[in-house]
Amino acid sequence: MAKRHNLLECAYVDAQEWFKETDTVMVPVGSCEKHGAHVPLGTDSFTTINVTERAAKLANVPYTPLTPFGYSPHHMGREGEGSGTVTLSANTYRAMLKDIARSLIFHGANKIIFVTHHGSNTKPIDELLRQIRLQTGAFAAFYKTPTERECEVVKGILEGPPEETPGWHAGEMETAQMMAHDMSLVDMSRAVNDRAHAPLWMGPNFSKKDGTITVQFRGSENIYVPMEHHEYSDHATIGNPFRGTPEKGIALFEKEAEHLAAFIEEVKKFPFEVKNREFNERA
């Protein structure tokens, strides 16, 4: 039988062999949330798993099955507007990921790398990562795919200028990635070229250039404001989806996977030894 990197496809004896071979495991974390009307709710999940699958083969490490739900409260929208969005509370989200990590540590993992394409999945995680390390001694980190304002890794693939925010929500990058994943899930007749703006209730003295939690005021961007996605994005699209192509999507997946695999190779060298592998509901 061909070697399986997804633990969901492994028999327990195959998983035993993985934990003898390596102490590093990836945990892909997605989301199910409103994007532009031309791409699916699972855009972040599909991107996450595409990058994870490729990186696992390059670095020769296993990964858990994709968790399709994440932290997306700002995408719920007004009634009926964010239809299909499923979000976990921050506490539920952290508890779920902690249980996944503790399970893997129990079986022999010393290093856990959570992987996500959904930026908001990184908002509630500091406490989680610290708990895993302090309670077990294991290394734990989040790998956020290089998107949004951090696109240096995929420089040269995206063509949109900075004012088009090419790495943002349902724009050039994500449209290309969904085209590469499954063209039948993309309906460009619904696509809209759109930008973010400050919530209208803030008035004319505030502006916003992308999907971060910040707003600009008097030339400074030091103000953090909790906002609903529909308050700053009229069509759940931030960018120009019409620049997306399947070829770009494949190039993005491969470049991000190469970067992630290189990070994993460095993590393998980290001298972490677990001091507590016990798993129970109170741990």
# chains A, B, ... in the order shown; residues from 1 in each chain; ligands from 1
>>> residues_around(residues="range 159-168 of chain A", least_positions_apart="4", cutoff="8 Å", atoms="only C-alpha atoms", output="list in words")
Thr147, Glu148, Arg149, Cys151, Glu172, Met173, Glu174, Arg195, Lys209, Asp210, Gly211, Thr237, Ile238, Gly239, Asn240 and Arg243 of chain A
>>> select_by_dssp(residues="range 62-279 of chain A", states="alpha helix (DSSP H)", output="PyMOL selection string")
chain A and resi 90-106+126-136+172-181+229-232+246-267
>>> select_by_dssp(residues="range 138-244 of chain A", states="strand (DSSP E or B)", output="ChimeraX atom specification")
/A:139-144,194,206-207,214-217,220-224,239
>>> write_last_selection(atoms="N, CA and C atoms", output="mmCIF file, in the first residue's frame")
data_model
loop_
_atom_site.group_PDB
_atom_site.id
_atom_site.type_symbol
_atom_site.label_atom_id
_atom_site.label_comp_id
_atom_site.auth_asym_id
_atom_site.auth_seq_id
_atom_site.Cartn_x
_atom_site.Cartn_y
_atom_site.Cartn_z
ATOM 1 N N PHE A 139 6.694 21.414 21.717
ATOM 2 C CA PHE A 139 6.719 22.611 20.884
ATOM 3 C C PHE A 139 5.375 22.735 20.183
ATOM 4 N N ALA A 140 4.815 23.946 20.156
ATOM 5 C CA ALA A 140 3.549 24.184 19.467
ATOM 6 C C ALA A 140 3.623 25.520 18.765
ATOM 7 N N ALA A 141 3.200 25.549 17.498
ATOM 8 C CA ALA A 141 3.239 26.783 16.724
ATOM 9 C C ALA A 141 2.097 26.796 15.720
ATOM 10 N N PHE A 142 1.754 27.979 15.267
ATOM 11 C CA PHE A 142 0.758 28.153 14.208
ATOM 12 C C PHE A 142 1.473 28.624 12.954
ATOM 13 N N TYR A 143 1.230 27.978 11.830
ATOM 14 C CA TYR A 143 1.724 28.436 10.549
ATOM 15 C C TYR A 143 0.554 29.030 9.776
ATOM 16 N N LYS A 144 0.585 30.326 9.608
ATOM 17 C CA LYS A 144 -0.433 31.020 8.808
ATOM 18 C C LYS A 144 0.092 31.139 7.385
ATOM 19 N N ASP A 194 -13.981 44.638 -5.473
ATOM 20 C CA ASP A 194 -14.409 45.507 -4.381
ATOM 21 C C ASP A 194 -13.270 45.756 -3.392
ATOM 22 N N PHE A 206 -12.621 58.394 9.412
ATOM 23 C CA PHE A 206 -11.951 57.103 9.522
ATOM 24 C C PHE A 206 -11.904 56.418 8.156
ATOM 25 N N SER A 207 -10.874 55.647 7.930
ATOM 26 C CA SER A 207 -10.746 54.878 6.694
ATOM 27 C C SER A 207 -10.183 53.503 7.004
ATOM 28 N N THR A 214 -7.983 46.845 12.437
ATOM 29 C CA THR A 214 -7.640 48.242 12.658
ATOM 30 C C THR A 214 -8.363 49.180 11.695
ATOM 31 N N VAL A 215 -8.450 50.452 12.094
ATOM 32 C CA VAL A 215 -8.915 51.521 11.212
ATOM 33 C C VAL A 215 -7.873 52.631 11.218
ATOM 34 N N GLN A 216 -7.870 53.435 10.187
ATOM 35 C CA GLN A 216 -6.940 54.553 10.068
ATOM 36 C C GLN A 216 -7.618 55.845 10.520
ATOM 37 N N PHE A 217 -6.877 56.650 11.282
ATOM 38 C CA PHE A 217 -7.400 57.914 11.803
ATOM 39 C C PHE A 217 -6.262 58.920 11.880
ATOM 40 N N SER A 220 -2.800 57.585 11.136
ATOM 41 C CA SER A 220 -2.276 56.513 11.975
ATOM 42 C C SER A 220 -3.225 55.320 11.961
ATOM 43 N N GLU A 221 -2.638 54.116 12.132
ATOM 44 C CA GLU A 221 -3.456 52.893 12.138
ATOM 45 C C GLU A 221 -3.211 52.138 13.444
ATOM 46 N N ASN A 222 -3.436 52.809 14.538
ATOM 47 C CA ASN A 222 -3.160 52.234 15.858
ATOM 48 C C ASN A 222 -4.421 51.961 16.659
ATOM 49 N N ILE A 223 -5.575 51.987 15.999
ATOM 50 C CA ILE A 223 -6.849 51.825 16.709
ATOM 51 C C ILE A 223 -7.465 50.483 16.324
ATOM 52 N N TYR A 224 -7.701 49.635 17.334
ATOM 53 C CA TYR A 224 -8.284 48.313 17.122
ATOM 54 C C TYR A 224 -9.765 48.351 17.486
ATOM 55 N N GLY A 239 -10.623 42.895 -2.829
ATOM 56 C CA GLY A 239 -9.642 42.664 -3.868
ATOM 57 C C GLY A 239 -10.279 42.502 -5.228
#
>>> residues_around(residues="Phe272 in chain A", least_positions_apart="6", cutoff="7 Å", atoms="only C-alpha atoms", output="list of chain:residue names")
A:Asn110, A:Gly137, A:Ala138, A:Phe139
>>> closest_residue(among="A:Ile250, A:Arg4, A:Tyr12, A:Pro40", to="His107 in chain A", atoms="only C-alpha atoms")
A:Tyr12
>>> residues_around(residues="Ala59 in chain A", least_positions_apart="2", cutoff="7 Å", atoms="only C-alpha atoms", output="VMD selection string")
chain A and resid 55 to 57 61 261 264 to 265
>>> write_last_selection(atoms="N, CA and C atoms", output="PDB file, in the first residue's frame")
ATOM      1  N   ALA A  55       2.928  19.974   1.592  1.00  0.00           N
ATOM      2  CA  ALA A  55       4.028  20.122   2.546  1.00  0.00           C
ATOM      3  C   ALA A  55       4.337  18.802   3.250  1.00  0.00           C
ATOM      4  N   ALA A  56       3.300  18.019   3.548  1.00  0.00           N
ATOM      5  CA  ALA A  56       3.503  16.741   4.236  1.00  0.00           C
ATOM      6  C   ALA A  56       4.375  15.801   3.408  1.00  0.00           C
ATOM      7  N   LYS A  57       4.152  15.794   2.104  1.00  0.00           N
ATOM      8  CA  LYS A  57       4.953  14.933   1.232  1.00  0.00           C
ATOM      9  C   LYS A  57       6.381  15.445   1.111  1.00  0.00           C
ATOM     10  N   VAL A  61       6.079  14.171   6.848  1.00  0.00           N
ATOM     11  CA  VAL A  61       5.461  14.150   8.175  1.00  0.00           C
ATOM     12  C   VAL A  61       3.973  13.874   8.012  1.00  0.00           C
ATOM     13  N   ALA A 261       7.144  23.392   4.313  1.00  0.00           N
ATOM     14  CA  ALA A 261       8.001  22.212   4.454  1.00  0.00           C
ATOM     15  C   ALA A 261       9.389  22.600   4.960  1.00  0.00           C
ATOM     16  N   ILE A 264       9.106  23.142   8.605  1.00  0.00           N
ATOM     17  CA  ILE A 264       9.011  21.858   9.308  1.00  0.00           C
ATOM     18  C   ILE A 264      10.392  21.226   9.472  1.00  0.00           C
ATOM     19  N   GLU A 265      11.208  21.308   8.451  1.00  0.00           N
ATOM     20  CA  GLU A 265      12.554  20.729   8.536  1.00  0.00           C
ATOM     21  C   GLU A 265      13.360  21.392   9.642  1.00  0.00           C
TER      22      GLU A 265
END
>>> atom_distance(atom1="CA of Gly42 in chain A", atom2="CA of Asn91 in chain A")
22.0 Å
>>> atom_distance(atom1="CA of Ile113 in chain A", atom2="CA of Thr85 in chain A")
25.3 Å
>>> closest_residue(among="A:Gly84, A:Arg94, A:Thr145, A:Asp14", to="Pro124 in chain A", atoms="only C-alpha atoms")
A:Arg94
>>> atom_distance(atom1="CA of His169 in chain A", atom2="CA of Gly203 in chain A")
23.9 Å
>>> closest_residue(among="A:Ala95, A:Ile112, A:Ile105, A:Val154", to="Thr24 in chain A", atoms="only C-alpha atoms")
A:Ile112
>>> closest_residue(among="A:Pro204, A:Lys111, A:Lys34, A:Ser103", to="Gly80 in chain A", atoms="only C-alpha atoms")
A:Lys34
>>> residues_around(residues="Thr122 in chain A", least_positions_apart="2", cutoff="12 Å", atoms="only C-alpha atoms", output="NGL selection string")
:A and (29-31 or 70-72 or 90 or 93-94 or 97 or 114-120 or 124-129 or 141-145)
>>> write_last_selection(atoms="C-alpha atoms", output="short mmCIF file (atom, residue, chain, number, x, y, z; two decimals), in the first residue's frame")
data_model
loop_
_atom_site.label_atom_id
_atom_site.label_comp_id
_atom_site.auth_asym_id
_atom_site.auth_seq_id
_atom_site.Cartn_x
_atom_site.Cartn_y
_atom_site.Cartn_z
CA VAL A 29 -7.44 24.10 10.74
CA GLY A 30 -9.91 25.61 8.27
CA SER A 31 -13.11 27.59 8.41
CA GLY A 70 -12.64 27.79 13.05
CA TYR A 71 -13.01 31.18 14.71
CA SER A 72 -15.19 33.33 12.44
CA ALA A 90 -12.90 31.21 21.26
CA TYR A 93 -11.93 26.53 19.54
CA ARG A 94 -9.02 26.51 21.96
CA LEU A 97 -7.24 22.26 19.39
CA PHE A 114 -1.17 24.02 13.41
CA VAL A 115 -1.69 25.16 9.82
CA THR A 116 -4.37 27.59 8.65
CA HIS A 117 -5.23 29.92 5.80
CA HIS A 118 -7.89 31.74 7.83
CA GLY A 119 -6.29 34.75 9.50
CA SER A 120 -8.79 35.01 12.34
CA PRO A 124 -7.41 33.35 20.11
CA ILE A 125 -4.31 31.13 20.12
CA ASP A 126 -1.64 32.66 22.37
CA GLU A 127 -3.04 31.08 25.53
CA LEU A 128 -3.44 27.73 23.73
CA LEU A 129 0.14 27.55 22.49
CA ALA A 141 3.24 26.78 16.72
CA PHE A 142 0.76 28.15 14.21
CA TYR A 143 1.72 28.44 10.55
CA LYS A 144 -0.43 31.02 8.81
CA THR A 145 -0.20 30.73 5.03
#
>>> residues_around(residues="Tyr232 in chain A", least_positions_apart="4", cutoff="7 Å", atoms="only C-alpha atoms", output="number ranges by chain")
A: 196-199
>>> residues_around(residues="Gly249 in chain A", least_positions_apart="2", cutoff="8 Å", atoms="only C-alpha atoms", output="ChimeraX atom specification")
/A:173-181,244-247,251-253
>>> write_last_selection(atoms="N, CA and C atoms", output="PDB file, in the first residue's frame")
ATOM      1  N   MET A 173      -5.858  36.224  -4.947  1.00  0.00           N
ATOM      2  CA  MET A 173      -5.244  35.006  -4.418  1.00  0.00           C
ATOM      3  C   MET A 173      -6.260  33.897  -4.198  1.00  0.00           C
ATOM      4  N   GLU A 174      -7.284  34.165  -3.426  1.00  0.00           N
ATOM      5  CA  GLU A 174      -8.224  33.096  -3.061  1.00  0.00           C
ATOM      6  C   GLU A 174      -9.036  32.615  -4.252  1.00  0.00           C
ATOM      7  N   THR A 175      -9.338  33.511  -5.191  1.00  0.00           N
ATOM      8  CA  THR A 175     -10.041  33.079  -6.404  1.00  0.00           C
ATOM      9  C   THR A 175      -9.153  32.140  -7.210  1.00  0.00           C
ATOM     10  N   ALA A 176      -7.887  32.486  -7.338  1.00  0.00           N
ATOM     11  CA  ALA A 176      -6.950  31.618  -8.058  1.00  0.00           C
ATOM     12  C   ALA A 176      -6.821  30.261  -7.377  1.00  0.00           C
ATOM     13  N   GLN A 177      -6.759  30.266  -6.057  1.00  0.00           N
ATOM     14  CA  GLN A 177      -6.610  29.011  -5.322  1.00  0.00           C
ATOM     15  C   GLN A 177      -7.829  28.114  -5.475  1.00  0.00           C
ATOM     16  N   MET A 178      -9.015  28.706  -5.469  1.00  0.00           N
ATOM     17  CA  MET A 178     -10.210  27.893  -5.657  1.00  0.00           C
ATOM     18  C   MET A 178     -10.328  27.387  -7.084  1.00  0.00           C
ATOM     19  N   MET A 179      -9.875  28.185  -8.042  1.00  0.00           N
ATOM     20  CA  MET A 179      -9.841  27.708  -9.429  1.00  0.00           C
ATOM     21  C   MET A 179      -8.925  26.498  -9.552  1.00  0.00           C
ATOM     22  N   ALA A 180      -7.785  26.557  -8.870  1.00  0.00           N
ATOM     23  CA  ALA A 180      -6.839  25.440  -8.919  1.00  0.00           C
ATOM     24  C   ALA A 180      -7.379  24.219  -8.190  1.00  0.00           C
ATOM     25  N   HIS A 181      -8.098  24.446  -7.098  1.00  0.00           N
ATOM     26  CA  HIS A 181      -8.642  23.330  -6.315  1.00  0.00           C
ATOM     27  C   HIS A 181      -9.770  22.626  -7.057  1.00  0.00           C
ATOM     28  N   GLY A 244      -7.626  36.312 -10.934  1.00  0.00           N
ATOM     29  CA  GLY A 244      -7.353  34.927 -10.571  1.00  0.00           C
ATOM     30  C   GLY A 244      -7.291  34.003 -11.776  1.00  0.00           C
ATOM     31  N   THR A 245      -6.361  33.046 -11.746  1.00  0.00           N
ATOM     32  CA  THR A 245      -6.265  31.994 -12.762  1.00  0.00           C
ATOM     33  C   THR A 245      -5.889  30.682 -12.074  1.00  0.00           C
ATOM     34  N   PRO A 246      -6.256  29.546 -12.662  1.00  0.00           N
ATOM     35  CA  PRO A 246      -5.855  28.264 -12.070  1.00  0.00           C
ATOM     36  C   PRO A 246      -4.342  28.107 -11.968  1.00  0.00           C
ATOM     37  N   GLU A 247      -3.619  28.633 -12.954  1.00  0.00           N
ATOM     38  CA  GLU A 247      -2.160  28.519 -12.949  1.00  0.00           C
ATOM     39  C   GLU A 247      -1.557  29.254 -11.750  1.00  0.00           C
ATOM     40  N   ALA A 251       0.565  27.629  -8.510  1.00  0.00           N
ATOM     41  CA  ALA A 251       1.850  28.210  -8.121  1.00  0.00           C
ATOM     42  C   ALA A 251       1.823  28.661  -6.661  1.00  0.00           C
ATOM     43  N   LEU A 252       0.700  29.214  -6.230  1.00  0.00           N
ATOM     44  CA  LEU A 252       0.559  29.647  -4.839  1.00  0.00           C
ATOM     45  C   LEU A 252       0.609  28.456  -3.888  1.00  0.00           C
ATOM     46  N   PHE A 253      -0.140  27.406  -4.194  1.00  0.00           N
ATOM     47  CA  PHE A 253      -0.135  26.204  -3.354  1.00  0.00           C
ATOM     48  C   PHE A 253       1.286  25.652  -3.227  1.00  0.00           C
TER      49      PHE A 253
END
>>> closest_residue(among="A:Ala257, A:Pro62, A:Pro28, A:Phe69", to="Thr92 in chain A", atoms="only C-alpha atoms")
A:Phe69
>>> decode(residues="range 136-205 of chain A", atoms="C-alpha atoms", output="PDB file, in the first residue's frame")
ATOM      1  CA  THR A 136       3.625  19.160  28.345  1.00  0.00           C
ATOM      2  CA  GLY A 137       6.997  20.504  27.238  1.00  0.00           C
ATOM      3  CA  ALA A 138       6.037  20.055  23.591  1.00  0.00           C
ATOM      4  CA  PHE A 139       6.719  22.611  20.884  1.00  0.00           C
ATOM      5  CA  ALA A 140       3.549  24.184  19.467  1.00  0.00           C
ATOM      6  CA  ALA A 141       3.239  26.783  16.724  1.00  0.00           C
ATOM      7  CA  PHE A 142       0.758  28.153  14.208  1.00  0.00           C
ATOM      8  CA  TYR A 143       1.724  28.436  10.549  1.00  0.00           C
ATOM      9  CA  LYS A 144      -0.433  31.020   8.808  1.00  0.00           C
ATOM     10  CA  THR A 145      -0.202  30.728   5.031  1.00  0.00           C
ATOM     11  CA  PRO A 146       1.511  33.828   3.574  1.00  0.00           C
ATOM     12  CA  THR A 147      -1.464  35.983   2.616  1.00  0.00           C
ATOM     13  CA  GLU A 148      -3.125  39.301   3.351  1.00  0.00           C
ATOM     14  CA  ARG A 149      -0.391  41.781   4.337  1.00  0.00           C
ATOM     15  CA  GLU A 150       2.314  39.101   4.467  1.00  0.00           C
ATOM     16  CA  CYS A 151       2.755  38.003   0.855  1.00  0.00           C
ATOM     17  CA  GLU A 152       6.543  38.064   0.569  1.00  0.00           C
ATOM     18  CA  VAL A 153       6.739  34.274   0.169  1.00  0.00           C
ATOM     19  CA  VAL A 154       4.534  34.353  -2.944  1.00  0.00           C
ATOM     20  CA  LYS A 155       6.027  37.540  -4.365  1.00  0.00           C
ATOM     21  CA  GLY A 156       5.982  37.506  -8.169  1.00  0.00           C
ATOM     22  CA  ILE A 157       2.904  35.297  -8.470  1.00  0.00           C
ATOM     23  CA  LEU A 158       0.250  37.870  -7.643  1.00  0.00           C
ATOM     24  CA  GLU A 159      -0.082  40.667 -10.200  1.00  0.00           C
ATOM     25  CA  GLY A 160      -2.466  43.055  -8.474  1.00  0.00           C
ATOM     26  CA  PRO A 161      -0.984  46.299  -7.114  1.00  0.00           C
ATOM     27  CA  PRO A 162      -1.081  46.972  -3.351  1.00  0.00           C
ATOM     28  CA  GLU A 163      -4.227  49.081  -3.643  1.00  0.00           C
ATOM     29  CA  GLU A 164      -6.038  45.987  -4.965  1.00  0.00           C
ATOM     30  CA  THR A 165      -5.096  44.066  -1.783  1.00  0.00           C
ATOM     31  CA  PRO A 166      -4.349  40.939  -3.873  1.00  0.00           C
ATOM     32  CA  GLY A 167      -3.899  38.571  -0.924  1.00  0.00           C
ATOM     33  CA  TRP A 168      -7.192  39.347   0.757  1.00  0.00           C
ATOM     34  CA  HIS A 169     -10.683  37.916   1.025  1.00  0.00           C
ATOM     35  CA  ALA A 170     -12.053  36.336  -2.181  1.00  0.00           C
ATOM     36  CA  GLY A 171      -9.697  38.512  -4.229  1.00  0.00           C
ATOM     37  CA  GLU A 172      -6.946  37.561  -6.658  1.00  0.00           C
ATOM     38  CA  MET A 173      -5.244  35.006  -4.418  1.00  0.00           C
ATOM     39  CA  GLU A 174      -8.224  33.096  -3.061  1.00  0.00           C
ATOM     40  CA  THR A 175     -10.041  33.079  -6.404  1.00  0.00           C
ATOM     41  CA  ALA A 176      -6.950  31.618  -8.058  1.00  0.00           C
ATOM     42  CA  GLN A 177      -6.610  29.011  -5.322  1.00  0.00           C
ATOM     43  CA  MET A 178     -10.210  27.893  -5.657  1.00  0.00           C
ATOM     44  CA  MET A 179      -9.841  27.708  -9.429  1.00  0.00           C
ATOM     45  CA  ALA A 180      -6.839  25.440  -8.919  1.00  0.00           C
ATOM     46  CA  HIS A 181      -8.642  23.330  -6.315  1.00  0.00           C
ATOM     47  CA  ASP A 182     -11.897  22.799  -8.221  1.00  0.00           C
ATOM     48  CA  MET A 183     -13.028  25.086 -11.036  1.00  0.00           C
ATOM     49  CA  SER A 184     -16.603  23.830 -10.681  1.00  0.00           C
ATOM     50  CA  LEU A 185     -16.802  25.563  -7.280  1.00  0.00           C
ATOM     51  CA  VAL A 186     -16.113  28.988  -8.820  1.00  0.00           C
ATOM     52  CA  ASP A 187     -18.802  31.120 -10.523  1.00  0.00           C
ATOM     53  CA  MET A 188     -17.178  34.237 -11.917  1.00  0.00           C
ATOM     54  CA  SER A 189     -20.535  35.604 -13.069  1.00  0.00           C
ATOM     55  CA  ARG A 190     -21.090  36.453  -9.396  1.00  0.00           C
ATOM     56  CA  ALA A 191     -17.661  38.001  -8.830  1.00  0.00           C
ATOM     57  CA  VAL A 192     -17.270  41.636  -7.785  1.00  0.00           C
ATOM     58  CA  ASN A 193     -14.134  43.793  -7.754  1.00  0.00           C
ATOM     59  CA  ASP A 194     -14.409  45.507  -4.381  1.00  0.00           C
ATOM     60  CA  ARG A 195     -12.448  47.133  -1.545  1.00  0.00           C
ATOM     61  CA  ALA A 196     -12.743  47.493   2.215  1.00  0.00           C
ATOM     62  CA  HIS A 197     -13.931  50.690   3.878  1.00  0.00           C
ATOM     63  CA  ALA A 198     -14.359  51.917   7.433  1.00  0.00           C
ATOM     64  CA  PRO A 199     -17.784  51.131   8.899  1.00  0.00           C
ATOM     65  CA  LEU A 200     -20.194  53.865   7.862  1.00  0.00           C
ATOM     66  CA  TRP A 201     -21.228  54.427  11.469  1.00  0.00           C
ATOM     67  CA  MET A 202     -17.717  55.683  12.229  1.00  0.00           C
ATOM     68  CA  GLY A 203     -18.134  58.725  10.006  1.00  0.00           C
ATOM     69  CA  PRO A 204     -15.886  60.351   7.370  1.00  0.00           C
ATOM     70  CA  ASN A 205     -12.812  60.799   9.592  1.00  0.00           C
TER      71      ASN A 205
END
